[in-house]
file coords_0.pdb (PDB, C-alpha atoms)
ATOM      1  CA  GLY A 183     -24.036  10.269   3.142
ATOM      2  CA  SER A 184     -21.367  11.411   0.724
ATOM      3  CA  HIS A 185     -18.149   9.384   0.532
ATOM      4  CA  GLN A 186     -14.872  11.005  -0.414
ATOM      5  CA  ALA A 187     -13.707   9.385  -3.655
ATOM      6  CA  SER A 188     -10.055   9.641  -2.637
ATOM      7  CA  ALA A 189     -10.709   7.675   0.539
ATOM      8  CA  GLN A 190     -12.057   4.806  -1.566
ATOM      9  CA  GLN A 191      -8.902   4.416  -3.684
ATOM     10  CA  PRO A 192      -6.924   1.334  -2.673
ATOM     11  CA  ALA A 193      -3.358   2.182  -1.754
ATOM     12  CA  THR A 194      -2.106  -0.607  -4.023
ATOM     13  CA  SER A 195      -3.770   0.585  -7.205
ATOM     14  CA  LEU A 196      -1.176   0.548  -9.977
ATOM     15  CA  ALA A 197      -2.315   4.060 -10.885
ATOM     16  CA  ALA A 198      -1.234   5.196  -7.426
ATOM     17  CA  VAL A 199       2.184   3.601  -7.908
ATOM     18  CA  THR A 200       2.825   4.908 -11.417
ATOM     19  CA  PRO A 201       1.150   8.128 -12.573
ATOM     20  CA  VAL A 202      -0.752   7.904 -15.843
ATOM     21  CA  ALA A 203       0.461  10.289 -18.534
ATOM     22  CA  ALA A 204      -1.797  13.294 -19.129
ATOM     23  CA  GLY A 205      -2.437  12.407 -22.775
ATOM     24  CA  SER A 206      -3.249   8.767 -22.113
ATOM     25  CA  VAL A 207      -6.495   6.878 -22.611
ATOM     26  CA  ALA A 208      -7.208   6.934 -18.865
ATOM     27  CA  ALA A 209      -6.732  10.703 -18.626
ATOM     28  CA  GLY A 210      -8.588  11.520 -21.844
ATOM     29  CA  GLY A 211     -11.378   8.989 -21.540
ATOM     30  CA  VAL A 212     -10.966   7.957 -25.183
ATOM     31  CA  SER A 213     -13.225   5.002 -25.899
ATOM     32  CA  HIS A 214     -10.942   3.300 -28.438
ATOM     33  CA  ALA A 215      -8.407   1.478 -26.304
ATOM     34  CA  PRO A 216      -5.051   0.611 -27.848
ATOM     35  CA  PRO A 217      -4.831  -3.082 -28.851
ATOM     36  CA  LEU A 218      -2.590  -4.012 -25.896
ATOM     37  CA  VAL A 219      -4.983  -2.413 -23.377
ATOM     38  CA  ALA A 220      -7.956  -4.156 -24.998
ATOM     39  CA  LEU A 221      -6.092  -7.482 -24.862
ATOM     40  CA  VAL A 222      -5.146  -7.035 -21.192
ATOM     41  CA  LYS A 223      -8.767  -6.276 -20.299
ATOM     42  CA  ARG A 224     -10.029  -9.269 -22.306
ATOM     43  CA  VAL A 225      -7.431 -11.640 -20.840
ATOM     44  CA  LEU A 226      -8.010 -10.576 -17.235
ATOM     45  CA  GLY A 227     -11.785 -10.573 -17.651
ATOM     46  CA  SER A 228     -13.330 -10.961 -14.221
ATOM     47  CA  GLY A 229     -10.583 -13.236 -12.906
ATOM     48  CA  VAL A 230      -7.057 -13.046 -11.518
ATOM     49  CA  MET A 231      -3.928 -13.731 -13.579
ATOM     50  CA  SER A 232      -0.189 -13.712 -13.019
ATOM     51  CA  TRP A 233       2.235 -11.492 -14.932
ATOM     52  CA  ALA A 234       3.592 -14.654 -16.621
ATOM     53  CA  ASP A 235       0.086 -15.660 -17.775
ATOM     54  CA  ILE A 236      -0.596 -12.161 -19.123
ATOM     55  CA  ARG A 237       2.707 -12.196 -21.021
ATOM     56  CA  GLN A 238       1.911 -15.686 -22.395
ATOM     57  CA  ALA A 239      -1.482 -14.423 -23.630
ATOM     58  CA  ILE A 240       0.294 -11.549 -25.406
ATOM     59  CA  VAL A 241       2.689 -13.968 -27.135
ATOM     60  CA  LEU A 242      -0.282 -16.129 -28.155
ATOM     61  CA  GLU A 243      -2.074 -13.069 -29.558
ATOM     62  CA  GLN A 244       1.054 -12.105 -31.524
ATOM     63  CA  THR A 245       1.237 -15.640 -32.944
ATOM     64  CA  CYS A 246      -2.463 -16.019 -33.776
ATOM     65  CA  ASN A 247      -3.093 -12.449 -34.959
ATOM     66  CA  PRO A 248       0.185 -11.049 -36.302
ATOM     67  CA  GLY A 249       0.249  -7.303 -36.811
ATOM     68  CA  VAL A 250      -2.372  -6.486 -34.164
ATOM     69  CA  LEU A 251       0.245  -5.863 -31.468
ATOM     70  CA  GLU A 252       3.771  -4.530 -31.826
ATOM     71  CA  ALA A 253       6.320  -7.286 -32.476
ATOM     72  CA  ASP A 254       8.233  -6.586 -29.257
ATOM     73  CA  VAL A 255       5.911  -5.822 -26.341
ATOM     74  CA  THR A 256       8.087  -4.636 -23.453
ATOM     75  CA  ASP A 257       7.417  -5.128 -19.762
ATOM     76  CA  GLN A 258       7.016  -1.338 -19.565
ATOM     77  CA  ALA A 259       4.272  -1.494 -22.233
ATOM     78  CA  ILE A 260       2.487  -4.246 -20.278
ATOM     79  CA  SER A 261       2.758  -2.185 -17.074
ATOM     80  CA  LYS A 262       1.255   0.837 -18.848
ATOM     81  CA  ALA A 263      -1.578  -1.310 -20.245
ATOM     82  CA  LEU A 264      -2.309  -2.628 -16.740
ATOM     83  CA  ILE A 265      -2.412   0.938 -15.381
ATOM     84  CA  VAL A 266      -4.718   2.183 -18.155
ATOM     85  CA  SER A 267      -6.922  -0.901 -17.595
ATOM     86  CA  GLU A 268      -7.137   0.051 -13.895
ATOM     87  CA  ALA A 269      -5.827  -3.377 -12.941
ATOM     88  CA  MET A 270      -4.873  -3.922  -9.324
ATOM     89  CA  GLU A 271      -1.781  -5.808  -8.225
ATOM     90  CA  LEU A 272      -2.360  -8.480  -5.615
ATOM     91  CA  PRO A 273       0.226 -10.339  -3.550
ATOM     92  CA  ALA A 274       1.583 -13.510  -5.146
ATOM     93  CA  SER A 275       0.179 -16.700  -3.691
ATOM     94  CA  SER A 276       3.736 -17.792  -2.833
ATOM     95  CA  ASP A 277       6.388 -15.799  -0.986
ATOM     96  CA  SER A 278       8.142 -15.192  -4.294
ATOM     97  CA  ALA A 279       9.034 -11.636  -5.209
ATOM     98  CA  ALA A 280       9.530 -12.617  -8.855
ATOM     99  CA  THR A 281       7.846 -10.414 -11.438
ATOM    100  CA  ASP A 282       6.229 -13.437 -13.087
ATOM    101  CA  ASP A 283       4.412 -14.353  -9.854
ATOM    102  CA  ARG A 284       2.702 -10.991  -9.366
ATOM    103  CA  LEU A 285      -1.074 -11.292  -9.676
ATOM    104  CA  TYR A 286      -3.448  -8.808 -11.323
ATOM    105  CA  ALA A 287      -7.204  -8.300 -11.473
ATOM    106  CA  LEU A 288      -9.354  -5.578 -13.009
ATOM    107  CA  GLY A 289     -10.792  -3.158 -10.454
ATOM    108  CA  SER A 290     -13.809  -2.706 -12.707
ATOM    109  CA  VAL A 291     -15.456  -5.025 -15.218
ATOM    110  CA  GLY A 292     -18.547  -2.924 -15.882
ATOM    111  CA  ASP A 293     -21.131  -4.919 -13.967
ATOM    112  CA  SER A 294     -23.100  -4.515 -10.746
ATOM    113  CA  SER A 295     -20.364  -6.198  -8.682
ATOM    114  CA  ASP A 296     -17.796  -3.447  -9.369
ATOM    115  CA  GLN A 297     -18.545  -1.580  -6.127
ATOM    116  CA  TYR A 298     -17.744  -4.772  -4.178
ATOM    117  CA  ARG A 299     -14.905  -5.843  -6.494
ATOM    118  CA  ARG A 300     -12.764  -2.784  -5.685
ATOM    119  CA  ILE A 301     -13.291  -3.208  -1.936
ATOM    120  CA  ILE A 302     -12.537  -6.949  -1.963
ATOM    121  CA  LEU A 303      -9.450  -6.579  -4.170
ATOM    122  CA  SER A 304      -8.073  -3.768  -1.992
ATOM    123  CA  LEU A 305      -8.513  -6.033   1.064
ATOM    124  CA  PHE A 306      -6.632  -8.851  -0.664
ATOM    125  CA  ALA A 307      -3.897  -6.414  -1.717
ATOM    126  CA  THR A 308      -2.857  -6.261   1.941
ATOM    127  CA  GLN A 309      -3.935  -9.678   3.249
ATOM    128  CA  GLY A 310      -3.617 -13.131   1.710
ATOM    129  CA  SER A 311      -6.580 -14.709   3.483
ATOM    130  CA  LEU A 312      -9.865 -13.171   4.637
ATOM    131  CA  SER A 313     -12.944 -14.322   6.496
ATOM    132  CA  ARG A 314     -16.351 -13.637   4.974
ATOM    133  CA  ARG A 315     -17.113 -11.533   8.073
ATOM    134  CA  ALA A 316     -14.065  -9.291   7.444
ATOM    135  CA  ILE A 317     -15.137  -8.900   3.807
ATOM    136  CA  ASN A 318     -18.751  -8.087   4.760
ATOM    137  CA  ASP A 319     -17.577  -5.627   7.437
ATOM    138  CA  ALA A 320     -15.371  -3.753   4.935
ATOM    139  CA  ILE A 321     -18.217  -3.626   2.404
ATOM    140  CA  SER A 322     -20.644  -2.362   5.066
ATOM    141  CA  LYS A 323     -18.233   0.420   6.060
ATOM    142  CA  SER A 324     -17.799   1.501   2.428
ATOM    143  CA  VAL A 325     -21.161   1.089   0.722
ATOM    144  CA  GLY A 326     -23.603  -0.053   3.374
ATOM    145  CA  THR A 327     -25.197  -3.480   3.407
ATOM    146  CA  GLY A 328     -23.964  -5.503   0.454
ATOM    147  CA  GLU A 329     -25.983  -7.794  -1.797
ATOM    148  CA  SER A 330     -25.019 -11.208  -0.401
ATOM    149  CA  LYS A 331     -25.579 -13.202  -3.628
ATOM    150  CA  GLU A 332     -23.532 -10.691  -5.647
ATOM    151  CA  ILE A 333     -20.660 -10.787  -3.129
ATOM    152  CA  THR A 334     -20.669 -14.596  -3.069
ATOM    153  CA  ARG A 335     -20.624 -14.751  -6.890
ATOM    154  CA  LEU A 336     -17.706 -12.310  -6.973
ATOM    155  CA  LEU A 337     -15.766 -14.214  -4.317
ATOM    156  CA  LYS A 338     -16.212 -17.429  -6.311
ATOM    157  CA  GLU A 339     -14.833 -15.652  -9.429
ATOM    158  CA  ILE A 340     -11.609 -14.431  -7.865
ATOM    159  CA  CYS A 341     -11.090 -16.628  -4.795
ATOM    160  CA  VAL A 342     -11.177 -20.142  -3.480
ATOM    161  CA  LYS A 343     -12.356 -21.183  -0.027
ATOM    162  CA  SER A 344      -9.588 -22.406   2.261
ATOM    163  CA  GLY A 345     -10.966 -23.607   5.578
ATOM    164  CA  ASN A 346     -13.138 -20.781   6.906
ATOM    165  CA  ASN A 347     -11.386 -18.123   4.816
ATOM    166  CA  TRP A 348     -11.202 -16.958   1.212
ATOM    167  CA  VAL A 349      -7.891 -16.700  -0.679
ATOM    168  CA  ILE A 350      -7.109 -15.268  -4.130
ATOM    169  CA  GLN A 351      -7.036 -17.914  -6.828
ATOM    170  CA  LYS A 352      -4.773 -17.318  -9.796
ATOM    171  CA  GLY A 353      -6.551 -18.029 -13.033
ATOM    172  CA  ALA A 354     -10.015 -17.924 -11.451
ATOM    173  CA  LYS A 355     -12.519 -16.998 -14.145
ATOM    174  CA  SER A 356     -16.257 -16.905 -14.482
ATOM    175  CA  SER A 357     -16.228 -17.415 -18.235
TER     176      SER A 357
END
call {"tool": "encode", "arguments": {"input": "coords_0.pdb", "output": "structure tokens"}}
result
Amino acid sequence: GSHQASAQQPATSLAAVTPVAAGSVAAGGVSHAPPLVALVKRVLGSGVMSWADIRQAIVLEQTCNPGVLEADVTDQAISKALIVSEAMELPASSDSAATDDRLYALGSVGDSSDQYRRIILSLFATQGSLSRRAINDAISKSVGTGESKEITRLLKEICVKSGNNWVIQKGAKSS
């Protein structure tokens, strides 16, 4: 069967919150990403990071490789880089509404788990804790029967097991 692409978009995608400018990398499909976008993608990798950790990585990059990034990277520039990177915002692990506590993960990393990654991240965008059954059910509804080993590997990259459920883990990385 044919799935409507618009029905698959998570409501919490940053792109849905802030429209991407028509001349941007995302709209034009230009392969040479600006340095800040490339850094955001590299820093997030396949894991989950807070806004504060992303900002710290930018400061480190400015210190270690002066001249690669602008001297003053604004929060607006970071937000734009996250949008162009197709990063998804996830609820903070605490009840804090502070900007620094917001969590982000890439919706696509270019591997075979991407189809599951988007589904799992969109589930976590609305719920802090999920059972494996709820995750498998959502995957089945979207893409049919999922590859169990691939889903487990992905969950271990971005989550930690808490009792019988999975929860997002800030800083979780496979590499």
call {"tool": "residues_around", "arguments": {"input": "coords_0.pdb", "residues": "segment 285-296 of chain A", "least_positions_apart": "2", "cutoff": "10 Å", "atoms": "all atoms listed in the file", "output": "count of residues only"}}
result
51
call {"tool": "closest_residue", "arguments": {"input": "coords_0.pdb", "among": "A:Asp319, A:Arg314, A:Gly326, A:Glu243", "to": "Lys343 of chain A", "atoms": "all atoms listed in the file"}}
result
A:Arg314
call {"tool": "closest_residue", "arguments": {"input": "coords_0.pdb", "among": "A:Leu242, A:Leu337, A:Ile317, A:Ala263", "to": "Val219 of chain A", "atoms": "only C-alpha atoms"}}
result
A:Ala263
call {"tool": "axis_aligned_box", "arguments": {"input": "coords_0.pdb", "around": "segment 286-296 of chain A", "padding_each_side": "8 Å", "output": "lines of an AutoDock Vina configuration file"}}
result
center_x = -13.3
center_y = -5.8
center_z = -12.3
size_x = 35.7
size_y = 22.1
size_z = 23.2
call {"tool": "resolve_selection", "arguments": {"input": "coords_0.pdb", "expression": "the PyMOL selection byres ((chain A and resi 251-255) around 12)", "output": "PyMOL selection string"}}
result
chain A and resi 216-222+236-250+256-263
call {"tool": "closest_residue", "arguments": {"input": "coords_0.pdb", "among": "A:Val266, A:Thr308, A:Ser313, A:Gln297", "to": "Gly345 of chain A", "atoms": "all atoms listed in the file"}}
result
A:Ser313
call {"tool": "closest_residue", "arguments": {"input": "coords_0.pdb", "among": "A:Gly310, A:Ser344, A:Val349, A:Asn318", "to": "Lys331 of chain A", "atoms": "all atoms listed in the file"}}
result
A:Asn318
call {"tool": "atom_distance", "arguments": {"input": "coords_0.pdb", "atom1": "atom CA of Val342 of chain A", "atom2": "atom CA of Arg284 of chain A"}}
result
17.6 Å
call {"tool": "residues_around", "arguments": {"input": "coords_0.pdb", "residues": "Ala320 of chain A", "least_positions_apart": "4", "cutoff": "9 Å", "atoms": "all atoms listed in the file", "output": "number ranges by chain"}}
result
A: 301-302, 305, 315-316, 324-325
